[in-house]
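S.K.: Structure: structure_39.cif, mmCIF, C-alpha atoms and all ligand atoms.
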```cif
data_entry
#
loop_
_atom_site.label_atom_id
_atom_site.label_comp_id
_atom_site.auth_asym_id
_atom_site.auth_seq_id
_atom_site.Cartn_x
_atom_site.Cartn_y
_atom_site.Cartn_z
CA MET A 1 5.36 -42.52 47.15
CA LEU A 2 6.56 -42.75 43.55
CA LEU A 3 3.99 -45.47 42.88
CA ARG A 4 1.22 -43.25 44.27
CA LEU A 5 2.36 -40.43 41.98
CA ILE A 6 2.25 -42.72 38.95
CA ASN A 7 -1.36 -43.70 39.82
CA GLY A 8 -3.58 -42.82 36.81
CA ARG A 9 -5.98 -40.69 38.85
CA TYR A 10 -3.15 -38.46 40.12
CA VAL A 11 -1.76 -38.03 36.61
CA ILE A 12 -5.15 -37.17 35.09
CA GLY A 13 -5.97 -34.94 38.07
CA ILE A 14 -2.79 -32.91 37.43
CA VAL A 15 -3.22 -32.87 33.62
CA CYS A 16 -6.74 -31.43 34.08
CA LEU A 17 -5.20 -28.43 35.85
CA ILE A 18 -3.08 -27.49 32.80
CA PRO A 19 -5.86 -25.33 31.19
CA LEU A 20 -6.12 -23.35 34.45
CA LEU A 21 -2.34 -22.86 34.69
CA TRP A 22 -2.29 -21.81 31.03
CA LEU A 23 -5.07 -19.26 31.71
CA ILE A 24 -3.22 -17.90 34.76
CA TYR A 25 -0.05 -17.62 32.65
CA ASP A 26 -1.89 -15.71 29.87
CA THR A 27 -3.54 -13.45 32.48
CA VAL A 28 -0.27 -12.64 34.25
CA PHE A 29 1.62 -12.03 30.99
CA ASP A 30 -1.24 -10.03 29.47
CA ALA A 31 -1.72 -12.51 26.62
CA LEU A 32 -5.53 -12.80 26.69
CA GLY A 33 -6.04 -10.52 23.68
CA ALA A 34 -7.94 -7.28 23.14
CA ASP A 35 -10.81 -8.16 25.52
CA PRO A 36 -9.18 -10.10 28.39
CA ILE A 37 -12.36 -10.46 30.49
CA GLN A 38 -14.34 -11.90 27.60
CA ALA A 39 -11.43 -14.20 26.67
CA LEU A 40 -11.15 -15.47 30.24
CA HIS A 41 -14.88 -16.05 30.47
CA GLN A 42 -15.07 -17.81 27.09
CA ARG A 43 -12.02 -20.00 27.67
CA LEU A 44 -13.37 -21.20 31.05
CA GLY A 45 -16.73 -21.98 29.37
CA ASP A 46 -14.91 -23.86 26.58
CA TRP A 47 -12.93 -25.96 29.07
CA SER A 48 -16.01 -26.80 31.09
CA LEU A 49 -17.70 -27.99 27.89
CA ARG A 50 -14.64 -30.06 26.90
CA PHE A 51 -14.52 -31.79 30.29
CA LEU A 52 -18.26 -32.46 30.12
CA TRP A 53 -17.80 -34.07 26.69
CA LEU A 54 -14.86 -36.14 27.97
CA THR A 55 -17.00 -37.30 30.92
CA LEU A 56 -19.69 -38.41 28.49
CA ALA A 57 -17.11 -40.18 26.32
CA VAL A 58 -15.88 -42.45 29.14
CA THR A 59 -18.73 -45.01 29.02
CA PRO A 60 -18.62 -45.50 25.19
CA VAL A 61 -14.80 -45.75 25.25
CA GLN A 62 -15.07 -48.19 28.16
CA SER A 63 -17.49 -50.47 26.27
CA VAL A 64 -15.53 -50.34 22.99
CA MET A 65 -12.19 -51.02 24.68
CA LYS A 66 -13.73 -53.47 27.17
CA TRP A 67 -11.86 -51.74 29.99
CA PRO A 68 -14.18 -51.61 33.01
CA GLY A 69 -11.82 -49.69 35.33
CA MET A 70 -12.60 -46.25 33.90
CA THR A 71 -15.43 -45.21 36.25
CA PRO A 72 -13.15 -43.26 38.69
CA TYR A 73 -11.83 -41.25 35.70
CA ARG A 74 -15.41 -40.39 34.71
CA GLN A 75 -16.02 -39.01 38.20
CA LEU A 76 -12.78 -37.01 38.10
CA LEU A 77 -13.53 -35.53 34.66
CA GLY A 78 -17.07 -34.66 35.78
CA LEU A 79 -15.70 -32.85 38.83
CA TYR A 80 -13.37 -30.85 36.59
CA ALA A 81 -16.30 -29.96 34.28
CA CYS A 82 -18.04 -28.56 37.38
CA PHE A 83 -14.86 -26.82 38.54
CA TYR A 84 -14.34 -24.96 35.22
CA ALA A 85 -18.08 -24.19 34.97
CA SER A 86 -17.92 -22.67 38.48
CA LEU A 87 -14.98 -20.48 37.44
CA HIS A 88 -16.92 -19.51 34.27
CA VAL A 89 -19.89 -18.45 36.44
CA ILE A 90 -17.68 -16.65 39.01
CA THR A 91 -15.99 -14.72 36.17
CA TYR A 92 -19.45 -13.74 34.88
CA LEU A 93 -20.67 -12.59 38.30
CA ALA A 94 -17.49 -11.04 39.73
CA ILE A 95 -15.30 -9.84 36.86
CA ASP A 96 -17.87 -9.27 34.10
CA HIS A 97 -20.56 -7.69 36.32
CA GLY A 98 -18.72 -6.79 39.57
CA PHE A 99 -21.52 -8.48 41.58
CA MET A 100 -23.99 -5.78 40.48
CA TRP A 101 -27.05 -7.92 41.08
CA ARG A 102 -29.51 -5.56 39.34
CA LEU A 103 -27.43 -5.64 36.14
CA ILE A 104 -26.99 -9.40 36.45
CA GLY A 105 -30.75 -9.83 36.89
CA ILE A 106 -31.50 -7.69 33.81
CA ASP A 107 -28.87 -9.57 31.75
CA ILE A 108 -30.32 -12.94 32.76
CA ILE A 109 -33.90 -11.86 31.96
CA GLU A 110 -32.82 -10.47 28.57
CA SER A 111 -30.56 -13.40 27.56
CA PRO A 112 -32.39 -16.73 27.28
CA TYR A 113 -29.09 -18.48 26.46
CA ILE A 114 -28.06 -17.79 30.09
CA TRP A 115 -31.17 -19.65 31.34
CA LEU A 116 -29.83 -22.73 29.58
CA GLY A 117 -26.38 -22.12 31.08
CA LEU A 118 -27.99 -21.90 34.52
CA TYR A 119 -29.92 -25.11 33.93
CA ALA A 120 -26.76 -26.92 32.80
CA TYR A 121 -24.78 -25.54 35.72
CA SER A 122 -27.42 -26.62 38.28
CA ILE A 123 -27.31 -30.17 36.89
CA VAL A 124 -23.49 -30.32 36.68
CA PHE A 125 -23.25 -28.99 40.26
CA LEU A 126 -25.86 -31.43 41.56
CA LEU A 127 -24.08 -34.35 39.91
CA ALA A 128 -20.71 -33.22 41.30
CA ILE A 129 -21.98 -33.10 44.90
CA THR A 130 -23.64 -36.52 44.53
CA SER A 131 -20.71 -38.19 42.75
CA SER A 132 -19.14 -39.80 45.84
CA LYS A 133 -19.52 -43.51 46.68
CA TRP A 134 -21.32 -42.46 49.87
CA ALA A 135 -23.95 -40.44 47.95
CA LYS A 136 -24.34 -43.29 45.44
CA LYS A 137 -25.08 -45.72 48.27
CA ARG A 138 -27.51 -43.36 50.00
CA LEU A 139 -29.44 -42.45 46.85
CA GLY A 140 -29.72 -46.09 45.65
CA LYS A 141 -31.76 -46.41 42.45
CA GLN A 142 -32.40 -42.66 42.35
CA TRP A 143 -28.67 -42.05 41.77
CA LYS A 144 -28.69 -43.52 38.26
CA LYS A 145 -31.86 -41.59 37.38
CA LEU A 146 -30.31 -38.36 38.68
CA HIS A 147 -27.03 -38.88 36.83
CA LYS A 148 -28.84 -39.46 33.54
CA LEU A 149 -29.67 -35.74 33.66
CA ILE A 150 -26.13 -35.19 32.34
CA TYR A 151 -27.49 -35.71 28.81
CA SER A 152 -30.03 -32.92 29.15
CA ALA A 153 -27.25 -30.71 30.61
CA ALA A 154 -25.06 -31.43 27.56
CA ILE A 155 -27.91 -30.50 25.20
CA ALA A 156 -28.53 -27.28 27.19
CA VAL A 157 -24.80 -26.42 27.00
CA ILE A 158 -24.63 -26.83 23.23
CA ILE A 159 -27.72 -24.59 22.77
CA HIS A 160 -26.20 -22.12 25.29
CA TYR A 161 -23.03 -22.06 23.17
CA TYR A 162 -24.79 -21.62 19.80
CA TRP A 163 -27.26 -19.03 21.03
CA GLN A 164 -24.67 -16.52 22.25
CA LEU A 165 -22.40 -16.97 19.23
CA LYS A 166 -21.79 -14.11 16.87
CA GLY A 167 -19.15 -15.48 14.50
CA ASN A 168 -17.34 -18.68 13.58
CA LEU A 169 -19.56 -21.77 13.82
CA ALA A 170 -16.79 -24.33 13.17
CA GLU A 171 -15.91 -25.07 16.80
CA PRO A 172 -19.46 -25.49 18.16
CA MET A 173 -20.25 -27.58 15.05
CA PHE A 174 -17.40 -29.92 16.02
CA TYR A 175 -18.76 -30.25 19.60
CA LEU A 176 -22.28 -30.78 18.23
CA ILE A 177 -21.10 -33.67 16.00
CA VAL A 178 -19.19 -35.26 18.90
CA ILE A 179 -22.21 -35.06 21.23
CA ILE A 180 -24.52 -36.49 18.53
CA LEU A 181 -22.11 -39.44 18.11
CA LEU A 182 -21.88 -40.01 21.88
CA LEU A 183 -25.66 -39.83 22.38
CA SER A 184 -26.25 -42.12 19.35
CA PHE A 185 -23.90 -44.67 20.88
CA ARG A 186 -25.83 -44.62 24.16
CA LEU A 187 -29.13 -44.94 22.26
CA ALA A 188 -27.81 -47.90 20.23
CA VAL A 189 -26.71 -49.68 23.45
CA ARG A 190 -30.14 -49.04 24.99
CA LEU A 191 -32.00 -50.33 21.92
CA LYS A 192 -29.80 -53.44 21.88
CA LYS A 193 -30.59 -54.10 25.57
CA HIS A 194 -34.34 -53.68 24.89
CA LYS A 195 -34.10 -56.05 21.89
CA ILE A 196 -32.37 -58.73 23.98
CA LYS A 197 -35.03 -58.32 26.73
CA PHE A 198 -37.82 -58.52 24.13
CA ASN A 199 -36.33 -61.66 22.51
CA LYS A 200 -35.97 -63.30 25.92
CA LEU A 201 -39.62 -62.50 26.70
CA LYS A 202 -40.71 -63.96 23.35
CA LEU A 203 -38.69 -67.09 24.04
CA THR A 204 -40.16 -67.61 27.54
CA ARG A 205 -43.67 -67.21 26.06
CA LYS A 206 -42.90 -69.83 23.39
CA MET A 207 -41.41 -72.29 25.89
CA PRO A 208 -44.74 -73.63 27.32
CA VAL A 209 -46.00 -74.26 23.74
CA ILE A 210 -42.83 -76.25 22.90
CA ALA A 211 -43.14 -78.15 26.19
CA GLU A 212 -46.82 -78.96 25.43
CA LYS A 213 -45.89 -80.20 21.92
CA ASN A 214 -43.19 -82.48 23.34
CA ASN A 215 -45.75 -83.97 25.78
C1 LIG A 301 -22.15 -26.18 32.76
C2 LIG A 301 -22.41 -24.91 32.57
C3 LIG A 301 -21.86 -24.07 31.48
C4 LIG A 301 -21.05 -24.37 30.43
C5 LIG A 301 -20.40 -25.70 30.09
C6 LIG A 301 -20.86 -23.17 29.66
C7 LIG A 301 -20.11 -23.07 28.50
C8 LIG A 301 -20.02 -21.95 27.72
C9 LIG A 301 -19.37 -21.88 26.44
C10 LIG A 301 -18.67 -23.04 25.76
C11 LIG A 301 -19.50 -20.63 25.97
C12 LIG A 301 -18.96 -20.09 24.65
C13 LIG A 301 -17.54 -19.68 24.77
C14 LIG A 301 -16.97 -19.24 23.43
O1 LIG A 301 -17.61 -18.44 22.74
O2 LIG A 301 -15.87 -19.72 23.09
C15 LIG A 301 -20.22 -19.87 26.97
C16 LIG A 301 -20.51 -18.52 26.87
C17 LIG A 301 -21.14 -17.80 27.83
N1 LIG A 301 -21.63 -18.29 29.02
FE1 LIG A 301 -21.60 -20.20 29.64
N2 LIG A 301 -21.55 -22.14 30.26
C18 LIG A 301 -22.18 -22.65 31.37
C19 LIG A 301 -22.96 -21.96 32.27
C20 LIG A 301 -23.12 -20.60 32.25
C21 LIG A 301 -23.83 -19.83 33.27
C22 LIG A 301 -24.49 -20.43 34.50
C23 LIG A 301 -23.75 -18.54 32.91
C24 LIG A 301 -24.26 -17.30 33.58
C25 LIG A 301 -24.65 -17.21 34.81
C26 LIG A 301 -23.02 -18.47 31.66
C27 LIG A 301 -22.76 -17.31 30.96
C28 LIG A 301 -22.18 -17.25 29.72
C29 LIG A 301 -22.02 -16.02 28.95
C30 LIG A 301 -22.48 -14.62 29.37
C31 LIG A 301 -21.37 -16.37 27.77
C32 LIG A 301 -20.97 -15.44 26.63
C33 LIG A 301 -19.51 -15.09 26.81
C34 LIG A 301 -19.09 -13.98 25.89
O3 LIG A 301 -19.08 -14.17 24.67
O4 LIG A 301 -18.72 -12.93 26.40
N3 LIG A 301 -22.65 -19.74 31.30
N4 LIG A 301 -20.54 -20.70 28.01
#
```
Turn this file's structure into structure tokens for me.
Ligand code: HEM

M.R.:
Amino acid sequence: MLLRLINGRYVIGIVCLIPLLWLIYDTVFDALGADPIQALHQRLGDWSLRFLWLTLAVTPVQSVMKWPGMTPYRQLLGLYACFYASLHVITYLAIDHGFMWRLIGIDIIESPYIWLGLYAYSIVFLLAITSSKWAKKRLGKQWKKLHKLIYSAAIAVIIHYYWQLKGNLAEPMFYLIVIILLLSFRLAVRLKKHKIKFNKLKLTRKMPVIAEKNN
């Protein structure tokens, strides 16, 4: 039992709930500030973004540290990104707008930054429901293609964040720099793979010429 509790996935799974417990604490003790609904909504959006960034950081960290066992953590962090995004959306629909669909419709039409939020949320949700081993097996090659959409979701989230901002740009700037670094890493790995493939192709083309010369 104790060994199961010490398992990394359990520990991370519990740690990821701390932001939610902290939010509940601030809500109960009236510590959300002057506009509690806005604070709740923004903090849930912030945590969803942070978990999305952490999910994207797993593969680069895995390759730098040469620690291949991190894939289950990536799935867990991705599920938490979806969980906090769902709470962010529920707060918007239920607490911010009291499920007044006409008002929600008008707000969505008038606020293009919400379109990007909706796009990002659809992707994050789709990836969460197809993150199991079973779905991976069933989708085969399509699974990888589908899960690459996470990059476009991250770009949509950062634009969503900037677009609705009225004040301090320091925090989104930090997230922007982190995502640029993470995407650059992925691009560098891809270019390296292409280069190796290209060199191999060049070598196999040269081989018959070398063989002919030797004859
Ligand atoms: C994966 C999906 C999403 C992520 C990661 C996300 C993240 C964020 C972040 C980080 C902010 C800025 C919070 C701040 O200023 O500190 C934000 C604001 C906002 N988001 Fe999202 N969002 C997502 C989807 C959505 C969706 C689907 C909607 C609406 C249906 C939405 C509605 C809003 C609104 C209205 C704000 C402005 C909050 C305010 O200042 O009052 N978001 N979101």

S.K.: Residues within 8 Å of ligand LIG 301 (chain A) (all atoms listed in the file), as a count of residues only?

M.R.: 45

S.K.: So what do you get for atom CA of Ile129 of chain A versus atom CA of Leu176 of chain A, distance-wise?

M.R.: 26.8 Å

S.K.: Write out as a count of residues only the residues lying within 9 Å of Leu76 of chain A, counting all atoms listed in the file and excluding same-chain residues fewer than 5 positions away.

M.R.: 6

S.K.: When you draw a straight line from atom CA of Val178 of chain A to atom CA of Lys192 of chain A, how long is it in Å?

M.R.: 21.3 Å

S.K.: Using only C-alpha atoms, which of A:Leu40, A:Trp163, A:Lys200, A:Arg205 sits nearest Thr91 of chain A?

M.R.: A:Leu40
